[in-house]
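Down below is the structure, laid out as structure tokens.
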Amino acid sequence: MWTQQFIKTNRGNFEIFVKGKGLPMCITHMYSEYNHLGNQFANLFTEHYKVFLVNLRGAGKSEPVESEEQMGFEEAIKDLEAIRNELNITQWGFAGYSAGGMLGMAYALRYEKSLTKLIVCSSSASCRYVSHPDSIFCKEHPKNPRLMEILSIMNDSKSSMDNRIKANREWSMMSLYRPEKLDEYFSKPSSGSSVPKLLHHFAYKEVSNFDITKALHKIIIPTTVIGGLYDVQCPFEFCEEIAREIPNSKLYTFEESNHAPYVEEEEKFAQVIASI
């Protein structure tokens with residue numbers, strides 16, 4: 001189990017969960033909330049790092065959201081810096097999956113001296129992934145109409161928990177190379193459910209103007225980029241782009257993965273984490 005802590009900062013109070021030994025590693029996501037069960041992505045880091053799994057503003061028992069601005073990348077980065085300072089950590093690594101990877105790159109551009117390394121998984125440096133024909137977020141993609149229905153259910157705070165669970169399950173199946181193995185992949189106790197308000201803001205507002213591609217060359221800390229070759233959310237070429245633009249980076253290709261290589265090829269993923 002993960003140890004729950006409440007961190008009082010000059011920007012408010014934040015709930016975090018801690019597990020592991022070693023150098024500090026921050027992990028979070030733009031619209032997920034965590035509990036004592038941790039998270040399958042984060043769990044793979046705990047053998048090599050002391051992981052701080054952060055509930056951002058509006059998630060879990062962290063400070064509530066009072067304005068749209070507080071749900072954006074810039075305010076999230078400032079909150080992470082406040083948490084790091086309060087923990088008396090001079091530097092920590094950052095690992096982010098999908099939207100968390102976007103946050104990580106933005107964090108490195110804003111406060112690179114606070115980071116020792118960056119791990120970006122299944123992500124993109126711009127909003128261009130949503131219009132890529134191989135992405136299910138693209139209107140031309142055959143599965144896009146159903147995805148929009150699923151997101152509508154997940155974004156609606158009035159949706160029953162049962163309907164949201166079913167919708168999330170279907171979304172997860174769309175995002176797996178072998179969807180028939182979903183129950184096997186996610187059989188371990190875990191947290192990381194989507195917060196409707198945060199998901200809606202990210203999907204329909206925050207990501208629409210996101211593009212830091214031309215600034216990536218400024219990131220000089222060691223960076224690991226991990227991508228599934230058959231990713232239908234953030235097509236693999238966007239991971240290639242990140243690795244190409246960040247000078248001190250290395251790209252790992254997962255050839256039997258869609259959007260979730262940390263469960264689809266868990267052993268290989270663990271080996272990569274152990275090597276960096």
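Chains: A, B, ... in order of the structure tokens. Residues: from 1 per chain. Ligands: from 1, in order shown.
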
**Request:** Could you give me, as a ChimeraX atom specification, each residue of range 18-150 of chain A that DSSP assigns to alpha helix (DSSP H) when run on this structure's backbone?
**Result:** /A:40-43,73-86,99-111,144-150

Could you write those residues out with N, CA, C and O atoms, as a short mmCIF file (atom, residue, chain, number, x, y, z; two decimals), in the first residue's frame?
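File part-v1.cif, as written:
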```
data_model
loop_
_atom_site.label_atom_id
_atom_site.label_comp_id
_atom_site.auth_asym_id
_atom_site.auth_seq_id
_atom_site.Cartn_x
_atom_site.Cartn_y
_atom_site.Cartn_z
N GLN A 40 -0.90 1.60 -11.52
CA GLN A 40 -0.07 0.60 -12.19
C GLN A 40 1.13 1.21 -12.89
O GLN A 40 2.19 0.60 -12.96
N PHE A 41 0.97 2.39 -13.46
CA PHE A 41 2.10 3.08 -14.07
C PHE A 41 3.13 3.45 -12.99
O PHE A 41 4.32 3.13 -13.11
N ALA A 42 2.67 4.06 -11.93
CA ALA A 42 3.57 4.52 -10.86
C ALA A 42 4.22 3.36 -10.12
O ALA A 42 5.38 3.45 -9.69
N ASN A 43 3.49 2.25 -9.96
CA ASN A 43 4.02 1.11 -9.22
C ASN A 43 5.33 0.60 -9.78
O ASN A 43 6.20 0.12 -9.05
N PHE A 73 -2.01 23.71 -17.28
CA PHE A 73 -0.62 23.27 -17.11
C PHE A 73 0.17 24.22 -16.21
O PHE A 73 0.88 23.78 -15.30
N GLU A 74 0.07 25.51 -16.48
CA GLU A 74 0.90 26.47 -15.77
C GLU A 74 0.65 26.46 -14.27
O GLU A 74 1.59 26.45 -13.46
N GLU A 75 -0.61 26.43 -13.86
CA GLU A 75 -0.93 26.42 -12.43
C GLU A 75 -0.57 25.08 -11.80
O GLU A 75 -0.12 25.02 -10.65
N ALA A 76 -0.73 23.99 -12.55
CA ALA A 76 -0.36 22.67 -12.04
C ALA A 76 1.14 22.61 -11.77
O ALA A 76 1.59 22.05 -10.76
N ILE A 77 1.93 23.18 -12.66
CA ILE A 77 3.38 23.21 -12.49
C ILE A 77 3.76 24.00 -11.24
O ILE A 77 4.62 23.60 -10.46
N LYS A 78 3.12 25.14 -11.03
CA LYS A 78 3.40 25.95 -9.84
C LYS A 78 3.02 25.18 -8.57
O LYS A 78 3.72 25.27 -7.55
N ASP A 79 1.93 24.43 -8.63
CA ASP A 79 1.53 23.62 -7.48
C ASP A 79 2.57 22.54 -7.19
O ASP A 79 2.91 22.28 -6.03
N LEU A 80 3.08 21.89 -8.24
CA LEU A 80 4.11 20.86 -8.05
C LEU A 80 5.37 21.45 -7.43
O LEU A 80 6.00 20.83 -6.57
N GLU A 81 5.73 22.64 -7.87
CA GLU A 81 6.91 23.30 -7.30
C GLU A 81 6.68 23.62 -5.82
O GLU A 81 7.59 23.48 -4.99
N ALA A 82 5.49 24.03 -5.47
CA ALA A 82 5.18 24.33 -4.06
C ALA A 82 5.27 23.06 -3.22
O ALA A 82 5.78 23.09 -2.09
N ILE A 83 4.79 21.95 -3.78
CA ILE A 83 4.86 20.66 -3.07
C ILE A 83 6.32 20.23 -2.90
O ILE A 83 6.74 19.80 -1.82
N ARG A 84 7.10 20.33 -3.97
CA ARG A 84 8.52 19.95 -3.90
C ARG A 84 9.25 20.76 -2.84
O ARG A 84 10.02 20.21 -2.04
N ASN A 85 9.02 22.05 -2.82
CA ASN A 85 9.68 22.91 -1.84
C ASN A 85 9.28 22.55 -0.42
O ASN A 85 10.12 22.52 0.49
N GLU A 86 8.00 22.26 -0.21
CA GLU A 86 7.53 21.93 1.13
C GLU A 86 8.10 20.59 1.60
O GLU A 86 8.32 20.38 2.80
N ALA A 99 -1.44 12.53 -20.81
CA ALA A 99 -1.54 13.94 -20.43
C ALA A 99 -0.50 14.29 -19.38
O ALA A 99 -0.02 15.44 -19.31
N GLY A 100 -0.11 13.31 -18.57
CA GLY A 100 0.94 13.53 -17.59
C GLY A 100 2.28 13.80 -18.25
O GLY A 100 3.11 14.55 -17.74
N GLY A 101 2.50 13.17 -19.42
CA GLY A 101 3.72 13.43 -20.17
C GLY A 101 3.76 14.85 -20.71
O GLY A 101 4.82 15.49 -20.74
N MET A 102 2.62 15.35 -21.15
CA MET A 102 2.53 16.74 -21.60
C MET A 102 2.89 17.68 -20.46
O MET A 102 3.66 18.64 -20.65
N LEU A 103 2.34 17.40 -19.29
CA LEU A 103 2.64 18.21 -18.11
C LEU A 103 4.13 18.16 -17.79
O LEU A 103 4.75 19.18 -17.48
N GLY A 104 4.72 16.96 -17.91
CA GLY A 104 6.14 16.81 -17.61
C GLY A 104 7.02 17.65 -18.51
O GLY A 104 7.98 18.29 -18.05
N MET A 105 6.72 17.66 -19.81
CA MET A 105 7.51 18.47 -20.74
C MET A 105 7.36 19.96 -20.45
O MET A 105 8.33 20.73 -20.49
N ALA A 106 6.13 20.37 -20.15
CA ALA A 106 5.89 21.78 -19.80
C ALA A 106 6.61 22.14 -18.50
O ALA A 106 7.16 23.24 -18.37
N TYR A 107 6.63 21.21 -17.56
CA TYR A 107 7.33 21.41 -16.29
C TYR A 107 8.83 21.60 -16.54
O TYR A 107 9.47 22.50 -15.97
N ALA A 108 9.40 20.74 -17.39
CA ALA A 108 10.83 20.83 -17.68
C ALA A 108 11.19 22.15 -18.35
O ALA A 108 12.29 22.69 -18.12
N LEU A 109 10.32 22.67 -19.16
CA LEU A 109 10.58 23.95 -19.82
C LEU A 109 10.48 25.12 -18.84
O LEU A 109 11.18 26.13 -19.00
N ARG A 110 9.66 24.97 -17.84
CA ARG A 110 9.44 26.07 -16.88
C ARG A 110 10.41 26.03 -15.70
O ARG A 110 10.90 27.06 -15.26
N TYR A 111 10.68 24.82 -15.19
CA TYR A 111 11.53 24.67 -14.01
C TYR A 111 12.52 23.52 -14.17
O TYR A 111 12.56 22.61 -13.35
N ASN A 144 -14.31 7.40 -33.85
CA ASN A 144 -14.47 8.68 -33.17
C ASN A 144 -15.90 8.94 -32.68
O ASN A 144 -16.07 9.43 -31.54
N PRO A 145 -16.94 8.66 -33.46
CA PRO A 145 -18.30 8.93 -32.96
C PRO A 145 -18.59 8.22 -31.63
O PRO A 145 -19.16 8.82 -30.71
N ARG A 146 -18.19 6.96 -31.53
CA ARG A 146 -18.42 6.24 -30.28
C ARG A 146 -17.57 6.81 -29.16
O ARG A 146 -18.01 6.92 -28.02
N LEU A 147 -16.33 7.20 -29.47
CA LEU A 147 -15.47 7.78 -28.45
C LEU A 147 -16.09 9.05 -27.88
O LEU A 147 -16.04 9.29 -26.67
N MET A 148 -16.68 9.87 -28.74
CA MET A 148 -17.32 11.10 -28.27
C MET A 148 -18.47 10.79 -27.31
O MET A 148 -18.68 11.51 -26.31
N GLU A 149 -19.20 9.72 -27.58
CA GLU A 149 -20.27 9.30 -26.68
C GLU A 149 -19.69 8.86 -25.33
O GLU A 149 -20.24 9.19 -24.27
N ILE A 150 -18.59 8.13 -25.39
CA ILE A 150 -17.93 7.66 -24.17
C ILE A 150 -17.44 8.83 -23.33
O ILE A 150 -17.66 8.88 -22.12
#
```

**Message:** Taking 4 positions as the minimum chain separation for residues in the same chain, which residues sit within 8 Å of range 245-251 of chain A when counting only C-alpha atoms? Answer as a PyMOL selection string.
**Reply:** chain A and resi 213-214+216-227+239-241

**Asked** Could you pull the residues within 12 Å of Gln70 in chain A, counting only C-alpha atoms, minus those fewer than 3 positions along the same chain, as a PyMOL selection string?
**Response** chain A and resi 11-12+30+56-59+63-67+73-79+197-198+201-202+206

Keeping C-alpha atoms, export the residues of the selection given above as a compact mmCIF listing (two decimals), in the first residue's frame.
```txt
# COMPACT_ATOMS: atom_id res chain seq x y z
CA ARG A 11 -0.71 27.53 -2.68
CA GLY A 12 -3.01 25.29 -0.66
CA MET A 30 -3.81 16.19 -15.50
CA LEU A 56 -3.41 17.77 -8.41
CA ARG A 57 -5.83 20.55 -7.52
CA GLY A 58 -9.40 19.27 -7.84
CA ALA A 59 -8.42 15.59 -7.51
CA GLU A 63 -7.20 21.77 -2.80
CA PRO A 64 -10.48 22.33 -4.70
CA VAL A 65 -10.58 24.12 -8.04
CA GLU A 66 -11.86 27.69 -7.86
CA SER A 67 -11.24 28.81 -11.44
CA PHE A 73 -0.62 23.27 -17.11
CA GLU A 74 0.90 26.47 -15.77
CA GLU A 75 -0.93 26.42 -12.43
CA ALA A 76 -0.36 22.67 -12.04
CA ILE A 77 3.38 23.21 -12.49
CA LYS A 78 3.40 25.95 -9.84
CA ASP A 79 1.53 23.62 -7.48
CA LYS A 197 -14.42 18.35 -14.35
CA LEU A 198 -10.66 18.07 -14.95
CA HIS A 201 -11.29 21.09 -19.15
CA PHE A 202 -8.26 19.22 -20.50
CA GLU A 206 -6.48 23.15 -22.24
```

**Proximity to Pro142 in chain A - best of A:Met174, A:Thr253, A:His200, A:Asn13, only C-alpha atoms** =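 Ranking A:Met174, A:Thr253, A:His200, A:Asn13 by distance to Pro142 in chain A, first place goes to A:Met174.
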
**Message:** Just checking: using only C-alpha atoms, which residue out of A:Ile27, A:Leu37, A:Ile7, A:Phe94 ends up closest to Ser62 in chain A?
**Reply:**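 Checking each of A:Ile27, A:Leu37, A:Ile7, A:Phe94 against Ser62 in chain A, counting only C-alpha atoms, the winner is A:Ile7.
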
**Prompt:** When you draw a straight line from CA of Val18 in chain A to CA of Asp162 in chain A, how long is it in Å?
**Reply:**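 CA of Val18 in chain A sits 29.3 Å away from CA of Asp162 in chain A.
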
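All residues within range 18-73 of chain A that the backbone DSSP calculation assigns to strand (DSSP E or B) are Val18, Lys19, Leu23, Pro24, Met25, Cys26, Ile27, Ser32, Glu33, Tyr49, Lys50, Val51, Phe52, Leu53 and Val54 of chain A.
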
**Asked** By how many Å are CA of Ile276 in chain A and CA of Ala95 in chain A apart?
**Response** 11.8 Å

**Message:** Nearest residue to Cys234 in chain A out of A:Trp171, A:Phe210, A:Tyr31, A:Phe137, using only C-alpha atoms?
**Reply:** A:Phe137

**Prompt:** Between CA of Gly96 in chain A and CA of Ser172 in chain A, what is the spacing in Å?
**Reply:** 17.9 Å

**Item:** Test item: residues at most 8 Å from Met1 in chain A, only C-alpha atoms, excluding those fewer than 2 positions along its chain, as a list in words
**Value:**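 Answer for this query is Thr3, Lys19, His36, Leu37 and Gly38 of chain A.
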
**Item:** Nearest candidate to Ser98 in chain A (options A:Glu140, A:Asp231, A:Glu180, A:Glu255; using only C-alpha atoms)
**Value:**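 Ranking A:Glu140, A:Asp231, A:Glu180, A:Glu255 by distance to Ser98 in chain A, first place goes to A:Asp231.
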
**Request:** Do a neighbour search on range 182-189 of chain A at 7 Å with only C-alpha atoms, toss out local chain neighbours closer than 6 positions, and write the hits as a count of residues only.
**Result:** 4

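Of the listed residues A:Cys121, A:Ala260, A:Ala243, A:Met161, the one whose atoms come nearest to Arg178 in chain A is A:Ala260, with distances taken using only C-alpha atoms.
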
**Message:** Just checking: using only C-alpha atoms, which residue out of A:Ser175, A:Ser194, A:Thr9, A:Thr90 ends up closest to Pro261 in chain A?
**Reply:**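 That would be A:Ser175, the residue with the smallest distance to Pro261 in chain A.
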